[in-house]
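Enquirer: Next comes data_32.cif, mmCIF, C-alpha atoms:
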data_coords
#
loop_
_atom_site.group_PDB
_atom_site.id
_atom_site.type_symbol
_atom_site.label_atom_id
_atom_site.label_comp_id
_atom_site.auth_asym_id
_atom_site.auth_seq_id
_atom_site.Cartn_x
_atom_site.Cartn_y
_atom_site.Cartn_z
ATOM 1 C CA MET B 826 113.246 64.190 100.882
ATOM 2 C CA SER B 827 110.441 66.698 100.320
ATOM 3 C CA GLU B 828 111.151 69.889 98.409
ATOM 4 C CA GLU B 829 111.694 73.034 100.454
ATOM 5 C CA LYS B 830 108.892 75.572 100.447
ATOM 6 C CA VAL B 831 109.818 79.244 100.104
ATOM 7 C CA ALA B 832 107.735 82.200 101.281
ATOM 8 C CA LEU B 833 108.213 85.908 100.581
ATOM 9 C CA ILE B 834 106.822 88.469 103.024
ATOM 10 C CA THR B 835 106.655 92.153 102.116
ATOM 11 C CA ALA B 836 106.502 94.885 104.782
ATOM 12 C CA GLY B 837 107.450 92.112 107.176
ATOM 13 C CA GLY B 838 109.545 93.971 109.719
ATOM 14 C CA SER B 839 106.888 94.226 112.425
ATOM 15 C CA GLY B 840 103.252 93.582 113.258
ATOM 16 C CA MET B 841 101.245 91.063 111.272
ATOM 17 C CA GLY B 842 103.864 90.714 108.540
ATOM 18 C CA ALA B 843 106.556 89.763 111.034
ATOM 19 C CA ALA B 844 104.174 87.365 112.803
ATOM 20 C CA ALA B 845 103.456 85.702 109.452
ATOM 21 C CA ALA B 846 107.183 85.321 108.785
ATOM 22 C CA ARG B 847 107.731 83.678 112.175
ATOM 23 C CA LYS B 848 104.765 81.334 111.745
ATOM 24 C CA LEU B 849 105.769 80.250 108.265
ATOM 25 C CA ALA B 850 109.364 79.679 109.368
ATOM 26 C CA ALA B 851 108.064 77.528 112.228
ATOM 27 C CA ASP B 852 106.028 75.577 109.667
ATOM 28 C CA GLY B 853 109.187 74.811 107.700
ATOM 29 C CA TYR B 854 109.224 77.477 105.016
ATOM 30 C CA ARG B 855 112.377 79.200 103.904
ATOM 31 C CA ILE B 856 111.760 82.896 104.454
ATOM 32 C CA ALA B 857 112.607 86.044 102.488
ATOM 33 C CA VAL B 858 111.478 89.358 103.994
ATOM 34 C CA LEU B 859 111.300 92.918 102.681
ATOM 35 C CA SER B 860 110.920 95.941 104.949
ATOM 36 C CA SER B 861 111.917 99.577 104.811
ATOM 37 C CA SER B 862 113.200 99.747 108.387
ATOM 38 C CA GLY B 863 115.822 97.012 108.289
ATOM 39 C CA LYS B 864 113.855 95.032 110.867
ATOM 40 C CA GLY B 865 112.684 92.616 108.192
ATOM 41 C CA GLU B 866 116.211 91.858 107.062
ATOM 42 C CA ALA B 867 117.229 91.230 110.674
ATOM 43 C CA LEU B 868 114.206 89.001 111.266
ATOM 44 C CA ALA B 869 114.908 86.990 108.123
ATOM 45 C CA LYS B 870 118.461 86.337 109.272
ATOM 46 C CA GLU B 871 117.182 85.318 112.707
ATOM 47 C CA LEU B 872 114.894 82.813 110.983
ATOM 48 C CA GLY B 873 117.663 81.459 108.765
ATOM 49 C CA GLY B 874 116.393 83.235 105.663
ATOM 50 C CA VAL B 875 117.272 86.259 103.577
ATOM 51 C CA GLY B 876 116.082 89.841 103.644
ATOM 52 C CA VAL B 877 116.113 93.093 101.728
ATOM 53 C CA THR B 878 115.867 96.566 103.209
ATOM 54 C CA GLY B 879 113.703 98.467 100.768
ATOM 55 C CA SER B 880 110.201 99.572 99.859
ATOM 56 C CA ASN B 881 107.210 97.618 98.586
ATOM 57 C CA GLN B 882 106.501 100.723 96.527
ATOM 58 C CA SER B 883 109.664 100.093 94.506
ATOM 59 C CA ASN B 884 109.675 97.558 91.690
ATOM 60 C CA ASP B 885 113.467 97.437 91.926
ATOM 61 C CA ASP B 886 113.472 96.601 95.648
ATOM 62 C CA LEU B 887 110.796 93.949 95.189
ATOM 63 C CA LYS B 888 112.718 92.427 92.304
ATOM 64 C CA ARG B 889 115.800 92.272 94.526
ATOM 65 C CA LEU B 890 113.799 90.230 97.035
ATOM 66 C CA VAL B 891 112.453 87.891 94.366
ATOM 67 C CA ASP B 892 115.873 87.479 92.747
ATOM 68 C CA LEU B 893 117.518 86.799 96.104
ATOM 69 C CA ALA B 894 115.015 84.057 96.913
ATOM 70 C CA MET B 895 115.385 82.489 93.485
ATOM 71 C CA GLU B 896 119.171 82.575 93.674
ATOM 72 C CA ARG B 897 119.113 80.937 97.104
ATOM 73 C CA TRP B 898 116.324 78.379 96.692
ATOM 74 C CA GLY B 899 115.211 78.351 93.045
ATOM 75 C CA ARG B 900 111.478 78.622 93.732
ATOM 76 C CA ILE B 901 108.747 80.683 95.387
ATOM 77 C CA ASN B 902 105.786 78.802 96.825
ATOM 78 C CA ALA B 903 104.111 81.567 98.798
ATOM 79 C CA LEU B 904 103.821 85.343 98.935
ATOM 80 C CA VAL B 905 102.391 87.383 101.818
ATOM 81 C CA ASN B 906 101.737 91.065 101.126
ATOM 82 C CA SER B 907 101.571 93.343 104.134
ATOM 83 C CA ALA B 908 101.452 97.146 104.079
ATOM 84 C CA GLY B 909 102.184 100.233 106.118
ATOM 85 C CA HIS B 910 99.788 103.061 106.903
ATOM 86 C CA GLY B 911 98.378 105.487 104.351
ATOM 87 C CA PRO B 912 96.944 109.000 104.641
ATOM 88 C CA ARG B 913 93.966 109.711 106.906
ATOM 89 C CA ALA B 914 91.746 112.803 106.895
ATOM 90 C CA PRO B 915 88.071 113.761 106.527
ATOM 91 C CA ILE B 916 86.964 112.391 103.174
ATOM 92 C CA LEU B 917 86.823 115.672 101.237
ATOM 93 C CA GLU B 918 90.028 116.990 102.767
ATOM 94 C CA ILE B 919 92.171 114.253 101.249
ATOM 95 C CA SER B 920 94.300 115.797 98.512
ATOM 96 C CA ASP B 921 94.956 114.243 95.122
ATOM 97 C CA GLU B 922 98.499 113.563 96.257
ATOM 98 C CA ASP B 923 97.280 111.679 99.333
ATOM 99 C CA TRP B 924 94.836 109.605 97.277
ATOM 100 C CA TYR B 925 97.727 108.611 95.033
ATOM 101 C CA ARG B 926 99.770 107.838 98.138
ATOM 102 C CA GLY B 927 96.962 105.641 99.450
ATOM 103 C CA MET B 928 96.893 103.722 96.183
ATOM 104 C CA GLU B 929 100.636 103.095 96.487
ATOM 105 C CA VAL B 930 100.419 101.963 100.110
ATOM 106 C CA TYR B 931 97.314 99.780 99.976
ATOM 107 C CA PHE B 932 96.880 98.618 96.391
ATOM 108 C CA LEU B 933 99.976 98.761 94.209
ATOM 109 C CA SER B 934 102.128 97.449 97.072
ATOM 110 C CA ALA B 935 100.327 94.119 96.551
ATOM 111 C CA VAL B 936 99.962 94.249 92.770
ATOM 112 C CA ARG B 937 103.682 94.767 92.153
ATOM 113 C CA PRO B 938 104.995 91.625 93.937
ATOM 114 C CA ILE B 939 102.089 89.548 92.585
ATOM 115 C CA ARG B 940 103.133 90.589 89.085
ATOM 116 C CA LEU B 941 106.700 89.458 89.796
ATOM 117 C CA VAL B 942 106.013 86.076 91.406
ATOM 118 C CA THR B 943 103.120 84.867 89.241
ATOM 119 C CA PRO B 944 105.251 83.851 86.228
ATOM 120 C CA ILE B 945 107.566 81.963 88.592
ATOM 121 C CA MET B 946 104.663 80.144 90.221
ATOM 122 C CA GLU B 947 103.165 79.365 86.822
ATOM 123 C CA ALA B 948 106.444 77.868 85.603
ATOM 124 C CA GLN B 949 106.807 75.663 88.696
ATOM 125 C CA GLY B 950 103.201 74.448 88.621
ATOM 126 C CA GLY B 951 101.502 76.559 91.274
ATOM 127 C CA GLY B 952 101.716 78.714 94.363
ATOM 128 C CA ALA B 953 99.629 80.657 96.868
ATOM 129 C CA ILE B 954 99.385 84.344 97.743
ATOM 130 C CA VAL B 955 97.751 86.142 100.671
ATOM 131 C CA ASN B 956 97.211 89.885 100.967
ATOM 132 C CA ILE B 957 96.730 91.369 104.433
ATOM 133 C CA SER B 958 93.779 93.712 103.897
ATOM 134 C CA THR B 959 91.289 95.122 106.423
ATOM 135 C CA ALA B 960 87.892 94.290 107.897
ATOM 136 C CA TRP B 961 86.765 97.747 106.744
ATOM 137 C CA ALA B 962 87.209 97.004 103.031
ATOM 138 C CA PHE B 963 83.492 96.205 102.716
ATOM 139 C CA GLU B 964 82.118 98.176 105.660
ATOM 140 C CA PRO B 965 84.176 101.348 105.244
ATOM 141 C CA SER B 966 84.924 103.612 108.160
ATOM 142 C CA PRO B 967 85.778 107.322 107.992
ATOM 143 C CA MET B 968 88.686 106.475 110.299
ATOM 144 C CA PHE B 969 90.503 104.712 107.437
ATOM 145 C CA PRO B 970 89.322 106.287 104.172
ATOM 146 C CA THR B 971 92.229 105.567 101.828
ATOM 147 C CA SER B 972 92.640 102.057 103.262
ATOM 148 C CA ALA B 973 88.960 101.210 102.772
ATOM 149 C CA VAL B 974 88.780 102.590 99.232
ATOM 150 C CA PHE B 975 91.887 100.945 97.850
ATOM 151 C CA ARG B 976 91.473 97.661 99.681
ATOM 152 C CA ALA B 977 87.981 97.392 98.202
ATOM 153 C CA GLY B 978 89.802 97.734 94.891
ATOM 154 C CA LEU B 979 92.224 95.027 96.004
ATOM 155 C CA ALA B 980 89.261 92.701 96.568
ATOM 156 C CA SER B 981 88.174 93.241 92.963
ATOM 157 C CA PHE B 982 91.718 92.667 91.725
ATOM 158 C CA THR B 983 91.788 89.408 93.708
ATOM 159 C CA LYS B 984 88.594 88.139 92.087
ATOM 160 C CA ILE B 985 89.865 88.934 88.590
ATOM 161 C CA PHE B 986 93.236 87.331 89.341
ATOM 162 C CA ALA B 987 91.525 84.186 90.627
ATOM 163 C CA ASP B 988 89.452 83.969 87.446
ATOM 164 C CA SER B 989 92.647 84.162 85.393
ATOM 165 C CA TYR B 990 94.998 81.924 87.370
ATOM 166 C CA ALA B 991 92.990 79.383 89.382
ATOM 167 C CA ALA B 992 93.281 76.845 86.564
ATOM 168 C CA LYS B 993 97.061 77.269 86.740
ATOM 169 C CA ASN B 994 97.040 76.281 90.433
ATOM 170 C CA ILE B 995 97.909 79.769 91.665
ATOM 171 C CA ARG B 996 95.637 80.871 94.481
ATOM 172 C CA LEU B 997 95.097 84.412 95.812
ATOM 173 C CA ASN B 998 93.098 85.346 98.912
ATOM 174 C CA ASN B 999 92.787 88.329 101.235
ATOM 175 C CA VAL B 1000 92.791 88.236 105.033
ATOM 176 C CA LEU B 1001 90.648 90.984 106.574
ATOM 177 C CA PRO B 1002 91.840 91.715 110.136
ATOM 178 C CA GLY B 1003 89.762 93.741 112.566
ATOM 179 C CA TRP B 1004 91.241 95.366 115.665
ATOM 180 C CA ILE B 1005 94.591 93.630 116.159
ATOM 181 C CA ASP B 1006 97.120 94.027 118.968
ATOM 182 C CA SER B 1007 99.656 95.634 116.636
ATOM 183 C CA LEU B 1008 97.388 98.732 116.723
ATOM 184 C CA PRO B 1009 96.921 101.109 119.669
ATOM 185 C CA ALA B 1010 94.300 99.724 122.057
ATOM 186 C CA THR B 1011 91.307 101.738 123.239
ATOM 187 C CA ASP B 1012 88.312 100.688 125.306
ATOM 188 C CA GLU B 1013 85.913 101.971 122.638
ATOM 189 C CA ARG B 1014 87.467 99.812 119.933
ATOM 190 C CA ARG B 1015 87.609 96.772 122.190
ATOM 191 C CA ASP B 1016 83.989 97.208 123.209
ATOM 192 C CA SER B 1017 82.922 97.254 119.546
ATOM 193 C CA VAL B 1018 84.141 93.666 119.108
ATOM 194 C CA PRO B 1019 81.590 90.940 119.954
ATOM 195 C CA MET B 1020 84.423 88.765 121.308
ATOM 196 C CA GLY B 1021 85.348 91.609 123.672
ATOM 197 C CA ARG B 1022 89.045 91.697 122.872
ATOM 198 C CA TYR B 1023 91.633 92.653 120.297
ATOM 199 C CA GLY B 1024 92.862 89.891 118.031
ATOM 200 C CA THR B 1025 96.524 88.941 118.012
ATOM 201 C CA SER B 1026 99.038 89.147 115.208
ATOM 202 C CA GLU B 1027 99.628 85.444 115.784
ATOM 203 C CA GLU B 1028 95.964 84.688 115.031
ATOM 204 C CA ILE B 1029 96.275 86.543 111.735
ATOM 205 C CA ALA B 1030 99.501 84.664 110.992
ATOM 206 C CA ALA B 1031 97.788 81.331 111.659
ATOM 207 C CA THR B 1032 95.015 82.215 109.209
ATOM 208 C CA ILE B 1033 97.596 83.208 106.604
ATOM 209 C CA ALA B 1034 99.481 79.950 107.115
ATOM 210 C CA PHE B 1035 96.274 77.971 106.603
ATOM 211 C CA LEU B 1036 95.397 79.841 103.400
ATOM 212 C CA LEU B 1037 98.877 79.088 102.043
ATOM 213 C CA SER B 1038 98.646 75.414 102.978
ATOM 214 C CA ASP B 1039 97.504 72.430 100.939
ATOM 215 C CA GLY B 1040 94.502 72.224 103.268
ATOM 216 C CA ALA B 1041 93.212 75.426 101.666
ATOM 217 C CA GLY B 1042 93.838 74.123 98.181
ATOM 218 C CA TYR B 1043 90.230 74.735 97.068
ATOM 219 C CA ILE B 1044 90.075 78.332 98.348
ATOM 220 C CA THR B 1045 90.843 81.212 96.019
ATOM 221 C CA GLY B 1046 89.489 84.671 95.269
ATOM 222 C CA GLN B 1047 88.130 85.031 98.796
ATOM 223 C CA ASN B 1048 88.130 87.689 101.509
ATOM 224 C CA ILE B 1049 88.454 85.993 104.887
ATOM 225 C CA ARG B 1050 87.346 88.111 107.858
ATOM 226 C CA VAL B 1051 89.338 87.657 111.075
ATOM 227 C CA ASP B 1052 87.730 90.333 113.192
ATOM 228 C CA GLY B 1053 86.139 88.850 116.310
ATOM 229 C CA GLY B 1054 82.666 89.157 114.802
ATOM 230 C CA ILE B 1055 82.628 92.875 113.874
ATOM 231 C CA ALA B 1056 81.435 92.289 110.307
ATOM 232 C CA ARG B 1057 78.319 90.189 109.768
ATOM 233 C CA SER B 1058 77.434 90.820 106.124
ATOM 234 C CA ILE B 1059 77.994 88.138 103.496
#
Could you write out this structure as structure tokens?

Expert:
Amino acid sequence: MSEEKVALITAGGSGMGAAAARKLAADGYRIAVLSSSGKGEALAKELGGVGVTGSNQSNDDLKRLVDLAMERWGRINALVNSAGHGPRAPILEISDEDWYRGMEVYFLSAVRPIRLVTPIMEAQGGGAIVNISTAWAFEPSPMFPTSAVFRAGLASFTKIFADSYAAKNIRLNNVLPGWIDSLPATDERRDSVPMGRYGTSEEIAATIAFLLSDGAGYITGQNIRVDGGIARSI
């Protein structure tokens, strides 16, 4: 009998995080979900897994999720980091407090769980991590200033992590979604996409599932655009 695979999803109560949880459960993973709303805990139970109602900005809440998964299954094969929404304003009107808030929402929310699961993955011989980032990390838009700034930083973190842990069979990649159906739809945004439509949360989840799979075993430190063709730079 093959060993069970276990996946943790942070901010997984709705949108792309929830879609990733459903996809991974369908692929046979045991699922542990963190969300602040309680929706993640309910979803995890629906999928036969475990959940914690708490914040990905809290080391204590994240540790509760990790500990719960380890108590139940004794391993963590995969981690998916999702995030909420940070401050938005014209670039010079963003206060120091809002910049710090953006760092919490978009950067440290990924760093914290990675810090917790990496020693576990190292001890068990490997694992895979995916951060849900944004297509605007490298082509920043004034619509999403704190997201673009701190997710560019997340890309650098990912490269450094890959340099440090690839030889230990721990892989880390970022998925960069464009306009996805979990966001409000507008004609202007849709028309900016060469494919002429919004992407779906399920398409993002499928990309995440691939990056966590053995088929992506030679991919690490990368930023994978899933944006309908918006970004064309290398």

Enquirer: Hey, what comes out of the PyMOL selection byres ((chain B and resi 936) around 12) on this file? Could you write it as a VMD selection string?

Expert: chain B and resid 835 881 to 884 887 904 to 908 928 to 935 937 to 943 954 to 956 975 to 976 978 to 983 986 997

Enquirer: Please compute the atom CA of Arg847 of chain B-atom CA of Glu1027 of chain B distance, one decimal, in Å.

Expert: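 If I compute the distance from atom CA of Arg847 of chain B to atom CA of Glu1027 of chain B, I get 9.0 Å.
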
Enquirer: At what distance in Å, to one decimal, does atom CA of Glu1013 of chain B lie from atom CA of His910 of chain B?

Expert: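 Atom CA of His910 of chain B sits 21.0 Å away from atom CA of Glu1013 of chain B.
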
Enquirer: Could you work out how far atom CA of Glu947 of chain B lies from atom CA of Arg996 of chain B, giving the answer in Å with one decimal?

Expert: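 That distance, rounded to one decimal, is 10.8 Å.
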
Enquirer: Given the choices B:Ser1007, B:Thr1025, B:Asn902, B:Asn998, which gets closest to Glu828 of chain B if the distance is worked out from only C-alpha atoms?

Expert: B:Asn902

Enquirer: With the PyMOL selection byres ((chain B and resi 1026) around 7) as the selection, what would be picked from this file? Answer as a VMD selection string, please.

Expert: chain B and resid 840 to 841 844 1005 to 1007 1024 to 1025 1027 to 1030

Enquirer: How big is the axis-aligned box, and where does its centre sit, when it encloses all atoms of segment 983-1001 of chain B listed in the file and has 6 Å added on every side, reported in Å to one decimal as lines of an AutoDock Vina configuration file?

Expert:
center_x = 93.3
center_y = 83.6
center_z = 96.0
size_x = 21.3
size_y = 26.7
size_z = 33.2

Enquirer: How would you write, as JSON, numbers by chain, the residues chosen by the PyMOL selection byres ((chain B and resi 1051) around 10) on this structure?

Expert: {"B": [959, 960, 1000, 1001, 1002, 1003, 1004, 1005, 1024, 1028, 1029, 1032, 1048, 1049, 1050, 1052, 1053, 1054, 1055, 1056]}

Enquirer: Please write the residues from the selection above to a file, keeping C-alpha atoms, as a PDB file, keeping the file's coordinate frame.

Expert:
ATOM      1  CA  THR B 959      91.289  95.122 106.423  1.00  0.00           C
ATOM      2  CA  ALA B 960      87.892  94.290 107.897  1.00  0.00           C
ATOM      3  CA  VAL B1000      92.791  88.236 105.033  1.00  0.00           C
ATOM      4  CA  LEU B1001      90.648  90.984 106.574  1.00  0.00           C
ATOM      5  CA  PRO B1002      91.840  91.715 110.136  1.00  0.00           C
ATOM      6  CA  GLY B1003      89.762  93.741 112.566  1.00  0.00           C
ATOM      7  CA  TRP B1004      91.241  95.366 115.665  1.00  0.00           C
ATOM      8  CA  ILE B1005      94.591  93.630 116.159  1.00  0.00           C
ATOM      9  CA  GLY B1024      92.862  89.891 118.031  1.00  0.00           C
ATOM     10  CA  GLU B1028      95.964  84.688 115.031  1.00  0.00           C
ATOM     11  CA  ILE B1029      96.275  86.543 111.735  1.00  0.00           C
ATOM     12  CA  THR B1032      95.015  82.215 109.209  1.00  0.00           C
ATOM     13  CA  ASN B1048      88.130  87.689 101.509  1.00  0.00           C
ATOM     14  CA  ILE B1049      88.454  85.993 104.887  1.00  0.00           C
ATOM     15  CA  ARG B1050      87.346  88.111 107.858  1.00  0.00           C
ATOM     16  CA  ASP B1052      87.730  90.333 113.192  1.00  0.00           C
ATOM     17  CA  GLY B1053      86.139  88.850 116.310  1.00  0.00           C
ATOM     18  CA  GLY B1054      82.666  89.157 114.802  1.00  0.00           C
ATOM     19  CA  ILE B1055      82.628  92.875 113.874  1.00  0.00           C
ATOM     20  CA  ALA B1056      81.435  92.289 110.307  1.00  0.00           C
TER      21      ALA B1056
END

Enquirer: Rank B:Ser972, B:Ile919, B:Pro1009, B:Ala857 by their smallest atom-to-atom distance to Ile957 of chain B, using all atoms listed in the file, and report the top residue only.

Expert: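 Distance minimum relative to Ile957 of chain B lands on B:Ser972.
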
Enquirer: Gly952 of chain B: which residues within 6 Å, counting only C-alpha atoms, same-chain residues fewer than 2 positions away excluded, as a ChimeraX atom specification?

Expert: /B:902-903,946,995

Enquirer: For a quick check of understanding, using all atoms listed in the file, which of B:Ile916, B:Val831, B:Ala953, B:Ala867 has the smallest distance to Ala850 of chain B?

Expert: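 Closest candidate: B:Val831.
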
Enquirer: Quick one: of B:Gly842, B:Gly874, B:Pro912, B:Gly1046, who's nearest to Ala1031 of chain B, counting all atoms listed in the file?

Expert: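 With all atoms listed in the file as the atom set, the closest residue is B:Gly842.
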
Enquirer: For segment 1003-1028 of chain B, supply N, CA, C and O atoms and report the output as a short mmCIF file (atom, residue, chain, number, x, y, z; two decimals), in the coordinates of the input.

Expert:
data_model
loop_
_atom_site.label_atom_id
_atom_site.label_comp_id
_atom_site.auth_asym_id
_atom_site.auth_seq_id
_atom_site.Cartn_x
_atom_site.Cartn_y
_atom_site.Cartn_z
N GLY B 1003 90.42 92.66 111.85
CA GLY B 1003 89.76 93.74 112.57
C GLY B 1003 90.76 94.45 113.47
O GLY B 1003 91.89 94.74 113.06
N TRP B 1004 90.35 94.72 114.71
CA TRP B 1004 91.24 95.37 115.66
C TRP B 1004 92.25 94.34 116.17
O TRP B 1004 91.89 93.36 116.82
N ILE B 1005 93.52 94.57 115.85
CA ILE B 1005 94.59 93.63 116.16
C ILE B 1005 95.58 94.29 117.10
O ILE B 1005 95.75 95.51 117.09
N ASP B 1006 96.26 93.49 117.90
CA ASP B 1006 97.12 94.03 118.97
C ASP B 1006 98.35 94.78 118.48
O ASP B 1006 99.07 95.37 119.28
N SER B 1007 98.57 94.80 117.17
CA SER B 1007 99.66 95.63 116.64
C SER B 1007 99.23 97.10 116.50
O SER B 1007 100.04 97.96 116.20
N LEU B 1008 97.93 97.37 116.75
CA LEU B 1008 97.39 98.73 116.72
C LEU B 1008 97.22 99.25 118.14
O LEU B 1008 97.10 98.47 119.09
N PRO B 1009 97.17 100.56 118.33
CA PRO B 1009 96.92 101.11 119.67
C PRO B 1009 95.56 100.65 120.20
O PRO B 1009 94.57 100.67 119.46
N ALA B 1010 95.53 100.24 121.45
CA ALA B 1010 94.30 99.72 122.06
C ALA B 1010 93.51 100.85 122.72
O ALA B 1010 94.08 101.71 123.40
N THR B 1011 92.19 100.83 122.52
CA THR B 1011 91.31 101.74 123.24
C THR B 1011 90.10 100.94 123.71
O THR B 1011 89.72 99.94 123.09
N ASP B 1012 89.49 101.38 124.78
CA ASP B 1012 88.31 100.69 125.31
C ASP B 1012 87.17 100.72 124.29
O ASP B 1012 86.44 99.72 124.13
N GLU B 1013 87.01 101.84 123.60
CA GLU B 1013 85.91 101.97 122.64
C GLU B 1013 86.05 100.94 121.52
O GLU B 1013 85.06 100.29 121.14
N ARG B 1014 87.25 100.79 121.00
CA ARG B 1014 87.47 99.81 119.93
C ARG B 1014 87.25 98.40 120.45
O ARG B 1014 86.60 97.58 119.80
N ARG B 1015 87.78 98.11 121.61
CA ARG B 1015 87.61 96.77 122.19
C ARG B 1015 86.14 96.46 122.42
O ARG B 1015 85.66 95.36 122.14
N ASP B 1016 85.41 97.42 122.92
CA ASP B 1016 83.99 97.21 123.21
C ASP B 1016 83.16 97.01 121.94
O ASP B 1016 82.04 96.48 122.01
N SER B 1017 83.66 97.43 120.80
CA SER B 1017 82.92 97.25 119.55
C SER B 1017 83.02 95.84 119.00
O SER B 1017 82.32 95.49 118.04
N VAL B 1018 83.89 95.02 119.60
CA VAL B 1018 84.14 93.67 119.11
C VAL B 1018 83.27 92.68 119.88
O VAL B 1018 83.36 92.63 121.12
N PRO B 1019 82.42 91.90 119.23
CA PRO B 1019 81.59 90.94 119.95
C PRO B 1019 82.39 90.00 120.86
O PRO B 1019 81.90 89.62 121.93
N MET B 1020 83.61 89.63 120.47
CA MET B 1020 84.42 88.76 121.31
C MET B 1020 85.02 89.50 122.50
O MET B 1020 85.61 88.87 123.39
N GLY B 1021 84.92 90.84 122.52
CA GLY B 1021 85.35 91.61 123.67
C GLY B 1021 86.84 91.75 123.84
O GLY B 1021 87.32 92.08 124.94
N ARG B 1022 87.59 91.56 122.76
CA ARG B 1022 89.04 91.70 122.87
C ARG B 1022 89.63 92.03 121.51
O ARG B 1022 88.99 91.85 120.48
N TYR B 1023 90.87 92.51 121.53
CA TYR B 1023 91.63 92.65 120.30
C TYR B 1023 92.09 91.27 119.85
O TYR B 1023 92.35 90.39 120.68
N GLY B 1024 92.21 91.08 118.54
CA GLY B 1024 92.86 89.89 118.03
C GLY B 1024 94.37 90.02 118.16
O GLY B 1024 94.90 91.10 118.43
N THR B 1025 95.06 88.93 117.94
CA THR B 1025 96.52 88.94 118.01
C THR B 1025 97.12 88.79 116.62
O THR B 1025 96.52 88.19 115.72
N SER B 1026 98.32 89.32 116.47
CA SER B 1026 99.04 89.15 115.21
C SER B 1026 99.25 87.67 114.91
O SER B 1026 99.23 87.25 113.75
N GLU B 1027 99.42 86.88 115.96
CA GLU B 1027 99.63 85.44 115.78
C GLU B 1027 98.38 84.76 115.22
O GLU B 1027 98.49 83.79 114.45
N GLU B 1028 97.19 85.25 115.60
CA GLU B 1028 95.96 84.69 115.03
C GLU B 1028 95.85 85.00 113.54
O GLU B 1028 95.40 84.15 112.74
#
